[in-house]
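Let me begin by presenting the structure, written as structure tokens, before commenting on it.
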Amino acid sequence: MQKKKIFQAESANEQIVSWLKAYADNAKVNGFVVGISGGVDSAVTSTLCAQTGLKVLCVEMPIHQAESHVSRGREHIAQLKTRFPNVDNAEADLTPVFESFKSAVPRTDDETKLYLAQGNTRARLRMTTLYYFAGIYGLLVAGTGNKVEDFGIGFYTKYGDGGVDLSPIADLMKSEVFELGRFLNVPNSILTAAPTDGLFGDDRTDAQQIGATYDELEWAMQEDAAGKTVDMFSGREQTVFEIYKRLNRINQHKMEPIPVCMLKN
């Protein structure tokens, strides 16, 4: 697999912070709200937002959350508040809301579909919560998706963590998010943790769900952009490329604009 291009973390940091500040000023809002998961994407996003000097509200929204996710999120928030006086935090325990929702809707005998539907429901409850906080404090919801998730394999929930006002790190590959996280002094517990979406209440990793690591997927995304086809590879590279192409194909509905039926007259 090919060598990655050199990433300039300091330059990226300056550009994103400047972009965030200009966008918020133009929108006439007070700042940003960020959902904190205990992962590197939300840690980097919230740190970028904090550097604008505008109000930043970090929100924890546990739903039967694994303890490791909760502890990492709280460590990050505590560190961020000591570094930036414009950062505040809130917690909304959505576990009772989630359980109430489950009791109000029908179940299905298809356990796989039920599992995925309930996982996506968690993400959509969190999106609704973030927009509640955004509404009462005059904030923008800052997304935490990166380039390979948002535009490569569509590894996010439509109208869940994909429902945001702006996406500060969506032009960064996952490896670049980690590099930026190191530059920003994100807690080591987050930088060394295996990425996970946290939608199922356990410690399963993204790589276990997807079948490939983010480094592998970044390689596949670059090869696909170069016009490569699956028959050009063999072994593990072929497997990873097939995984990437399949997810990119089936998740196009997340990446493309909502289809509209356009009438002729």
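Chain labels run A, B, ... following the order of the structure tokens; each chain numbers its residues from 1, and ligands are numbered from 1 in the order shown.
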Long-range neighbours of Ser71 of chain A as a ChimeraX atom specification, 10 Å cut-off, only C-alpha atoms, 5 positions minimum in chain: /A:37-38,66,76-77,189-190
Please write the residues from the selection above to a file, keeping C-alpha atoms, as a PDB file, in the first residue's frame.
```pdb
ATOM      1  CA  SER A  37     -18.160  10.522  22.441  1.00  0.00           C
ATOM      2  CA  GLY A  38     -14.738   9.791  23.917  1.00  0.00           C
ATOM      3  CA  ALA A  66     -19.480   1.606  27.674  1.00  0.00           C
ATOM      4  CA  HIS A  76     -11.206  15.350  27.424  1.00  0.00           C
ATOM      5  CA  ILE A  77     -13.874  17.810  28.577  1.00  0.00           C
ATOM      6  CA  SER A 189      -6.243   7.794  26.269  1.00  0.00           C
ATOM      7  CA  ILE A 190      -8.230   8.986  23.246  1.00  0.00           C
TER       8      ILE A 190
END
```
Quick one: residues within 12 Å of Glu223 of chain A, only C-alpha atoms counted, chain neighbours fewer than 2 positions away excluded, as a CSV table (one decimal) with all heavy atoms, in the first residue's frame?
```csv
chain,number,residue,atom,x,y,z
A,1,MET,N,0.8,-1.2,0.0
A,1,MET,CA,0.0,0.0,0.0
A,1,MET,C,0.9,1.3,0.0
A,1,MET,O,1.9,1.3,0.7
A,1,MET,CB,-0.9,0.0,1.2
A,1,MET,CG,-2.0,-1.2,1.2
A,1,MET,SD,-3.2,-1.1,2.5
A,1,MET,CE,-4.1,-2.5,2.1
A,2,GLN,N,0.5,2.3,-0.8
A,2,GLN,CA,1.3,3.4,-1.0
A,2,GLN,C,1.5,4.3,0.2
A,2,GLN,O,0.7,4.3,1.1
A,2,GLN,CB,0.7,4.2,-2.2
A,2,GLN,CG,-0.6,4.9,-1.8
A,2,GLN,CD,-1.2,5.6,-3.0
A,2,GLN,OE1,-1.2,5.0,-4.1
A,2,GLN,NE2,-1.8,6.7,-2.8
A,3,LYS,N,2.6,5.1,0.2
A,3,LYS,CA,2.9,6.0,1.2
A,3,LYS,C,2.0,7.2,1.2
A,3,LYS,O,1.6,7.7,0.2
A,3,LYS,CB,4.4,6.4,1.1
A,3,LYS,CG,4.9,7.1,2.3
A,3,LYS,CD,6.4,7.4,2.1
A,3,LYS,CE,7.0,8.0,3.3
A,3,LYS,NZ,8.5,8.3,3.2
A,4,LYS,N,1.6,7.7,2.4
A,4,LYS,CA,0.7,8.8,2.5
A,4,LYS,C,1.4,10.1,2.3
A,4,LYS,O,2.6,10.2,2.6
A,4,LYS,CB,0.0,8.8,3.8
A,4,LYS,CG,-0.9,7.6,4.1
A,4,LYS,CD,-1.5,7.6,5.5
A,4,LYS,CE,-2.3,6.4,5.7
A,4,LYS,NZ,-2.7,6.3,7.1
A,152,GLY,N,-16.2,8.5,1.8
A,152,GLY,CA,-15.6,7.3,1.3
A,152,GLY,C,-16.6,6.1,1.4
A,152,GLY,O,-17.1,5.5,0.4
A,216,GLU,N,-6.3,1.2,5.9
A,216,GLU,CA,-6.6,0.4,4.7
A,216,GLU,C,-7.7,1.1,3.8
A,216,GLU,O,-7.5,1.1,2.6
A,216,GLU,CB,-7.1,-1.0,5.1
A,216,GLU,CG,-6.0,-1.9,5.6
A,216,GLU,CD,-6.5,-3.2,6.1
A,216,GLU,OE1,-7.6,-3.3,6.6
A,216,GLU,OE2,-5.8,-4.2,5.9
A,217,LEU,N,-8.7,1.6,4.5
A,217,LEU,CA,-9.7,2.3,3.7
A,217,LEU,C,-9.3,3.6,3.0
A,217,LEU,O,-9.7,3.9,1.9
A,217,LEU,CB,-10.9,2.6,4.6
A,217,LEU,CG,-11.7,1.4,5.2
A,217,LEU,CD1,-12.6,1.8,6.3
A,217,LEU,CD2,-12.4,0.7,4.1
A,218,GLU,N,-8.4,4.3,3.7
A,218,GLU,CA,-7.8,5.5,3.1
A,218,GLU,C,-7.0,5.1,1.8
A,218,GLU,O,-7.1,5.8,0.8
A,218,GLU,CB,-6.9,6.2,4.1
A,218,GLU,CG,-7.6,6.9,5.2
A,218,GLU,CD,-6.7,7.5,6.2
A,218,GLU,OE1,-5.5,7.8,5.8
A,218,GLU,OE2,-7.1,7.8,7.4
A,219,TRP,N,-6.3,4.0,1.9
A,219,TRP,CA,-5.5,3.6,0.7
A,219,TRP,C,-6.5,3.2,-0.4
A,219,TRP,O,-6.3,3.6,-1.5
A,219,TRP,CB,-4.7,2.3,1.1
A,219,TRP,CG,-4.3,1.5,-0.1
A,219,TRP,CD1,-3.2,1.8,-0.9
A,219,TRP,CD2,-4.9,0.4,-0.7
A,219,TRP,NE1,-3.1,0.9,-1.9
A,219,TRP,CE2,-4.2,0.0,-1.8
A,219,TRP,CE3,-6.1,-0.3,-0.4
A,219,TRP,CZ2,-4.5,-1.0,-2.7
A,219,TRP,CZ3,-6.4,-1.4,-1.2
A,219,TRP,CH2,-5.7,-1.7,-2.3
A,220,ALA,N,-7.6,2.5,-0.1
A,220,ALA,CA,-8.6,2.1,-1.1
A,220,ALA,C,-9.3,3.3,-1.7
A,220,ALA,O,-9.5,3.4,-2.9
A,220,ALA,CB,-9.6,1.2,-0.4
A,221,MET,N,-9.5,4.3,-0.9
A,221,MET,CA,-10.2,5.6,-1.3
A,221,MET,C,-9.3,6.3,-2.4
A,221,MET,O,-9.7,6.8,-3.4
A,221,MET,CB,-10.5,6.5,-0.2
A,221,MET,CG,-11.4,7.7,-0.5
A,221,MET,SD,-11.9,8.6,1.0
A,221,MET,CE,-13.0,9.8,0.3
A,225,ALA,N,-10.0,6.7,-6.4
A,225,ALA,CA,-9.9,8.1,-7.0
A,225,ALA,C,-9.0,8.1,-8.2
A,225,ALA,O,-9.1,8.9,-9.1
A,225,ALA,CB,-9.5,9.1,-6.0
A,226,ALA,N,-8.0,7.2,-8.2
A,226,ALA,CA,-7.0,7.1,-9.3
A,226,ALA,C,-7.5,6.2,-10.4
A,226,ALA,O,-6.8,6.0,-11.4
A,226,ALA,CB,-5.7,6.5,-8.7
A,227,GLY,N,-8.7,5.7,-10.3
A,227,GLY,CA,-9.3,4.9,-11.3
A,227,GLY,C,-9.0,3.5,-11.3
A,227,GLY,O,-9.3,2.8,-12.3
A,228,LYS,N,-8.5,3.0,-10.2
A,228,LYS,CA,-8.1,1.6,-10.1
A,228,LYS,C,-9.4,0.7,-10.0
A,228,LYS,O,-10.4,1.2,-9.6
A,228,LYS,CB,-7.2,1.3,-8.9
A,228,LYS,CG,-5.9,2.1,-8.9
A,228,LYS,CD,-5.0,1.6,-10.0
A,228,LYS,CE,-3.7,2.4,-10.0
A,228,LYS,NZ,-2.9,2.1,-8.8
A,229,THR,N,-9.3,-0.6,-10.4
A,229,THR,CA,-10.4,-1.5,-10.4
A,229,THR,C,-10.0,-2.7,-9.5
A,229,THR,O,-8.7,-3.0,-9.4
A,229,THR,CB,-10.8,-2.0,-11.8
A,229,THR,OG1,-9.7,-2.5,-12.5
A,229,THR,CG2,-11.4,-0.8,-12.6
A,230,VAL,N,-10.9,-3.5,-9.1
A,230,VAL,CA,-10.6,-4.6,-8.1
A,230,VAL,C,-9.7,-5.6,-8.7
A,230,VAL,O,-8.9,-6.3,-8.0
A,230,VAL,CB,-12.0,-5.2,-7.6
A,230,VAL,CG1,-12.7,-5.9,-8.8
A,230,VAL,CG2,-11.7,-6.1,-6.4
A,232,MET,N,-7.2,-5.3,-10.4
A,232,MET,CA,-5.8,-4.9,-10.4
A,232,MET,C,-5.1,-5.3,-9.1
A,232,MET,O,-3.8,-5.0,-8.9
A,232,MET,CB,-5.7,-3.3,-10.5
A,232,MET,CG,-6.2,-2.8,-11.9
A,232,MET,SD,-6.1,-1.0,-12.0
A,232,MET,CE,-6.6,-0.8,-13.7
A,233,PHE,N,-5.8,-5.8,-8.1
A,233,PHE,CA,-5.2,-6.2,-6.8
A,233,PHE,C,-5.4,-7.6,-6.5
A,233,PHE,O,-6.2,-8.4,-7.2
A,233,PHE,CB,-5.9,-5.3,-5.7
A,233,PHE,CG,-5.9,-3.9,-6.0
A,233,PHE,CD1,-7.0,-3.2,-6.4
A,233,PHE,CD2,-4.7,-3.1,-5.8
A,233,PHE,CE1,-7.0,-1.8,-6.6
A,233,PHE,CE2,-4.6,-1.8,-6.0
A,233,PHE,CZ,-5.8,-1.1,-6.4
A,237,GLU,N,-5.2,-6.7,-0.3
A,237,GLU,CA,-5.5,-5.4,-1.0
A,237,GLU,C,-6.8,-5.6,-1.8
A,237,GLU,O,-7.6,-4.7,-1.8
A,237,GLU,CB,-4.3,-5.0,-1.9
A,237,GLU,CG,-3.1,-4.5,-1.2
A,237,GLU,CD,-2.1,-3.9,-2.1
A,237,GLU,OE1,-2.2,-4.2,-3.3
A,237,GLU,OE2,-1.2,-3.2,-1.7
A,238,GLN,N,-7.0,-6.7,-2.4
A,238,GLN,CA,-8.2,-6.9,-3.2
A,238,GLN,C,-9.4,-7.0,-2.2
A,238,GLN,O,-10.5,-6.4,-2.5
A,238,GLN,CB,-8.1,-8.2,-4.0
A,238,GLN,CG,-9.3,-8.4,-4.9
A,238,GLN,CD,-9.1,-9.7,-5.7
A,238,GLN,OE1,-9.2,-10.8,-5.2
A,238,GLN,NE2,-9.0,-9.5,-7.0
A,240,VAL,N,-9.8,-5.5,0.8
A,240,VAL,CA,-10.0,-4.2,1.3
A,240,VAL,C,-10.7,-3.3,0.2
A,240,VAL,O,-11.7,-2.6,0.5
A,240,VAL,CB,-8.7,-3.5,1.8
A,240,VAL,CG1,-9.0,-2.0,2.1
A,240,VAL,CG2,-8.2,-4.2,3.0
A,241,PHE,N,-10.2,-3.4,-1.0
A,241,PHE,CA,-10.7,-2.6,-2.1
A,241,PHE,C,-12.2,-3.0,-2.4
A,241,PHE,O,-13.1,-2.1,-2.6
A,241,PHE,CB,-9.9,-2.8,-3.4
A,241,PHE,CG,-10.2,-1.7,-4.4
A,241,PHE,CD1,-9.6,-0.5,-4.3
A,241,PHE,CD2,-11.0,-2.0,-5.5
A,241,PHE,CE1,-9.8,0.5,-5.2
A,241,PHE,CE2,-11.2,-1.0,-6.5
A,241,PHE,CZ,-10.6,0.3,-6.3
A,242,GLU,N,-12.5,-4.3,-2.3
A,242,GLU,CA,-13.9,-4.8,-2.5
A,242,GLU,C,-14.8,-4.2,-1.4
A,242,GLU,O,-15.9,-3.8,-1.6
A,242,GLU,CB,-13.9,-6.3,-2.5
A,242,GLU,CG,-13.4,-6.9,-3.8
A,242,GLU,CD,-13.3,-8.4,-3.7
A,242,GLU,OE1,-13.3,-9.0,-2.6
A,242,GLU,OE2,-13.3,-9.0,-4.8
A,244,TYR,N,-14.3,-1.5,0.4
A,244,TYR,CA,-14.5,-0.1,0.2
A,244,TYR,C,-15.5,0.2,-0.9
A,244,TYR,O,-16.4,1.0,-0.8
A,244,TYR,CB,-13.2,0.6,-0.2
A,244,TYR,CG,-13.3,2.0,-0.6
A,244,TYR,CD1,-13.4,3.0,0.3
A,244,TYR,CD2,-13.5,2.4,-2.0
A,244,TYR,CE1,-13.6,4.4,0.0
A,244,TYR,CE2,-13.7,3.7,-2.3
A,244,TYR,CZ,-13.8,4.7,-1.4
A,244,TYR,OH,-14.0,6.0,-1.7
A,245,LYS,N,-15.4,-0.5,-2.1
A,245,LYS,CA,-16.3,-0.3,-3.2
A,245,LYS,C,-17.7,-0.6,-2.9
A,245,LYS,O,-18.7,0.1,-3.3
A,245,LYS,CB,-15.8,-1.1,-4.4
A,245,LYS,CG,-14.5,-0.6,-5.0
A,245,LYS,CD,-14.7,0.8,-5.7
A,245,LYS,CE,-15.5,0.8,-6.9
A,245,LYS,NZ,-15.6,2.1,-7.6
```
Every residue of segment 27-260 of chain A that DSSP places in strand (DSSP E), as a ChimeraX atom specification: /A:31-35,55-60,87-91,139-141
Which of segment 178-228 of chain A DSSP labels alpha helix (DSSP H), written as a list in words: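 Matching residues for alpha helix (DSSP H) in segment 178-228 of chain A are Phe178, Glu179, Leu180, Gly181, Arg182, Phe183, Asn188, Ser189, Ile190, Leu191, Asp206, Ala207, Gln208, Gln209, Ile210, Tyr214, Asp215, Glu216, Leu217, Glu218, Trp219, Ala220, Met221, Gln222, Glu223, Asp224 and Ala225 of chain A.
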How would the residues just chosen look if you wrote them out with N, CA and C atoms as a compact mmCIF listing (two decimals), in the first residue's frame?
```txt
# COMPACT_ATOMS: atom_id res chain seq x y z
N PHE A 178 -5.96 12.00 13.59
CA PHE A 178 -5.08 11.58 14.68
C PHE A 178 -3.84 12.48 14.77
N GLU A 179 -3.26 12.82 13.63
CA GLU A 179 -2.09 13.71 13.64
C GLU A 179 -2.46 15.07 14.21
N LEU A 180 -3.60 15.59 13.81
CA LEU A 180 -4.05 16.88 14.33
C LEU A 180 -4.34 16.77 15.82
N GLY A 181 -4.88 15.63 16.25
CA GLY A 181 -5.14 15.40 17.66
C GLY A 181 -3.88 15.43 18.50
N ARG A 182 -2.81 14.86 17.96
CA ARG A 182 -1.52 14.91 18.67
C ARG A 182 -1.00 16.34 18.74
N PHE A 183 -1.15 17.07 17.65
CA PHE A 183 -0.72 18.47 17.63
C PHE A 183 -1.50 19.31 18.65
N ASN A 188 -4.03 11.32 25.70
CA ASN A 188 -3.45 10.11 25.14
C ASN A 188 -4.41 8.92 25.18
N SER A 189 -5.28 8.90 26.17
CA SER A 189 -6.24 7.79 26.27
C SER A 189 -7.14 7.74 25.04
N ILE A 190 -7.40 8.91 24.45
CA ILE A 190 -8.23 8.99 23.25
C ILE A 190 -7.40 8.65 22.01
N LEU A 191 -6.17 9.15 21.96
CA LEU A 191 -5.31 8.92 20.79
C LEU A 191 -4.92 7.46 20.64
N ASP A 206 -14.65 0.08 15.06
CA ASP A 206 -15.08 0.34 13.68
C ASP A 206 -14.50 -0.71 12.74
N ALA A 207 -13.23 -1.05 12.95
CA ALA A 207 -12.57 -2.03 12.08
C ALA A 207 -13.27 -3.39 12.14
N GLN A 208 -13.75 -3.77 13.33
CA GLN A 208 -14.47 -5.04 13.46
C GLN A 208 -15.79 -4.99 12.70
N GLN A 209 -16.46 -3.86 12.73
CA GLN A 209 -17.72 -3.73 12.00
C GLN A 209 -17.52 -3.67 10.49
N ILE A 210 -16.51 -2.92 10.07
CA ILE A 210 -16.30 -2.68 8.64
C ILE A 210 -15.57 -3.83 7.97
N TYR A 214 -8.95 1.94 9.16
CA TYR A 214 -9.04 3.22 8.47
C TYR A 214 -7.84 3.45 7.56
N ASP A 215 -6.65 2.99 7.96
CA ASP A 215 -5.49 3.12 7.08
C ASP A 215 -5.73 2.37 5.77
N GLU A 216 -6.30 1.18 5.87
CA GLU A 216 -6.60 0.40 4.67
C GLU A 216 -7.65 1.09 3.80
N LEU A 217 -8.67 1.64 4.45
CA LEU A 217 -9.75 2.30 3.71
C LEU A 217 -9.26 3.59 3.04
N GLU A 218 -8.35 4.30 3.70
CA GLU A 218 -7.78 5.50 3.09
C GLU A 218 -7.01 5.12 1.82
N TRP A 219 -6.26 4.04 1.92
CA TRP A 219 -5.54 3.55 0.73
C TRP A 219 -6.53 3.22 -0.38
N ALA A 220 -7.61 2.51 -0.06
CA ALA A 220 -8.60 2.12 -1.06
C ALA A 220 -9.28 3.35 -1.68
N MET A 221 -9.55 4.35 -0.85
CA MET A 221 -10.19 5.57 -1.35
C MET A 221 -9.28 6.28 -2.35
N GLN A 222 -8.00 6.32 -2.06
CA GLN A 222 -7.04 6.96 -2.96
C GLN A 222 -6.90 6.16 -4.26
N GLU A 223 -6.87 4.83 -4.15
CA GLU A 223 -6.76 3.99 -5.35
C GLU A 223 -8.01 4.10 -6.22
N ASP A 224 -9.17 4.20 -5.58
CA ASP A 224 -10.41 4.35 -6.32
C ASP A 224 -10.44 5.69 -7.06
N ALA A 225 -9.98 6.73 -6.39
CA ALA A 225 -9.92 8.06 -7.01
C ALA A 225 -8.97 8.07 -8.20
```
Contacts of Gln118 of chain A at 9 Å (only C-alpha atoms; same-chain gap of 2+ positions) as a PyMOL selection string: chain A and resi 98+102+113-116+120-123+199-200
Next, the residues of the selection above should be written as a tab-separated table (two decimals), in the first residue's frame with N, CA, C and O atoms.
```tsv
chain	number	residue	atom	x	y	z
A	98	PHE	N	-34.35	6.47	25.22
A	98	PHE	CA	-34.15	5.36	24.29
A	98	PHE	C	-35.03	4.17	24.67
A	98	PHE	O	-35.69	3.56	23.81
A	102	LYS	N	-38.16	2.53	22.51
A	102	LYS	CA	-38.23	1.11	22.15
A	102	LYS	C	-39.57	0.50	22.55
A	102	LYS	O	-40.10	-0.37	21.85
A	113	LYS	N	-31.73	-6.51	11.50
A	113	LYS	CA	-32.39	-5.24	11.18
A	113	LYS	C	-32.75	-4.49	12.45
A	113	LYS	O	-32.63	-3.26	12.51
A	114	LEU	N	-33.21	-5.21	13.45
A	114	LEU	CA	-33.57	-4.57	14.72
A	114	LEU	C	-32.35	-3.93	15.36
A	114	LEU	O	-32.41	-2.79	15.85
A	115	TYR	N	-31.24	-4.64	15.34
A	115	TYR	CA	-30.00	-4.17	15.94
A	115	TYR	C	-29.54	-2.87	15.28
A	115	TYR	O	-29.18	-1.89	15.95
A	116	LEU	N	-29.55	-2.86	13.95
A	116	LEU	CA	-29.11	-1.67	13.21
A	116	LEU	C	-30.08	-0.52	13.40
A	116	LEU	O	-29.67	0.64	13.55
A	120	ASN	N	-29.05	3.10	14.99
A	120	ASN	CA	-29.26	4.37	14.29
A	120	ASN	C	-30.20	5.28	15.08
A	120	ASN	O	-30.07	6.51	15.03
A	121	THR	N	-31.13	4.69	15.81
A	121	THR	CA	-32.02	5.48	16.65
A	121	THR	C	-31.23	6.22	17.72
A	121	THR	O	-31.52	7.39	18.04
A	122	ARG	N	-30.23	5.59	18.29
A	122	ARG	CA	-29.38	6.26	19.28
A	122	ARG	C	-28.77	7.52	18.68
A	122	ARG	O	-28.76	8.59	19.30
A	123	ALA	N	-28.23	7.37	17.47
A	123	ALA	CA	-27.59	8.52	16.81
A	123	ALA	C	-28.59	9.63	16.54
A	123	ALA	O	-28.26	10.82	16.67
A	199	LEU	N	-22.43	2.95	19.10
A	199	LEU	CA	-23.87	2.86	18.93
A	199	LEU	C	-24.49	1.60	19.52
A	199	LEU	O	-25.70	1.43	19.47
A	200	PHE	N	-23.66	0.72	20.07
A	200	PHE	CA	-24.21	-0.56	20.51
A	200	PHE	C	-23.92	-0.88	21.97
A	200	PHE	O	-24.14	-2.00	22.42
```
Among listed residues A:Met127, A:Leu20, A:Ala194, A:Ala104, nearest Ser68 of chain A (using only C-alpha atoms):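 Result for the nearest residue to Ser68 of chain A: A:Ala194.
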Residue nearest Ala170 of chain A among A:Lys254, A:Asp41, A:Gly35, A:Arg249 (counting only C-alpha atoms):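 Closest to Ala170 of chain A, using only C-alpha atoms: A:Asp41.
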From A:Thr52, A:Arg72, A:Gln79, A:Asn26, residue lying nearest Ala193 of chain A [only C-alpha atoms]: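 Checking each candidate against Ala193 of chain A, we get A:Arg72 as the closest.
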Who sits within 7 Å of Lys55 of chain A, only C-alpha atoms, same chain under 3 positions skipped, as a list in words: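 Selected residues are Asn30, Gly31, Phe32, Asn86 and Val87 of chain A.
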d(atom CA of Ile243 of chain A, atom CA of Pro168 of chain A) in Å: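 A separation of 26.5 Å between them.
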Atom CA of Ser167 of chain A to atom CA of Tyr131 of chain A, straight-line distance in Å: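 Separating atom CA of Tyr131 of chain A from atom CA of Ser167 of chain A is a distance of 14.9 Å.
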One-decimal distance in Å that lies between atom CA of Lys158 of chain A and atom CA of Met262 of chain A: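 Going from atom CA of Met262 of chain A over to atom CA of Lys158 of chain A, I get 23.2 Å.
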Residue among A:Met255, A:Val177, A:Ala27, A:Leu139 lying closest to Thr47 of chain A, counting only C-alpha atoms: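 Ranked by minimum distance to Thr47 of chain A, first place goes to A:Val177.
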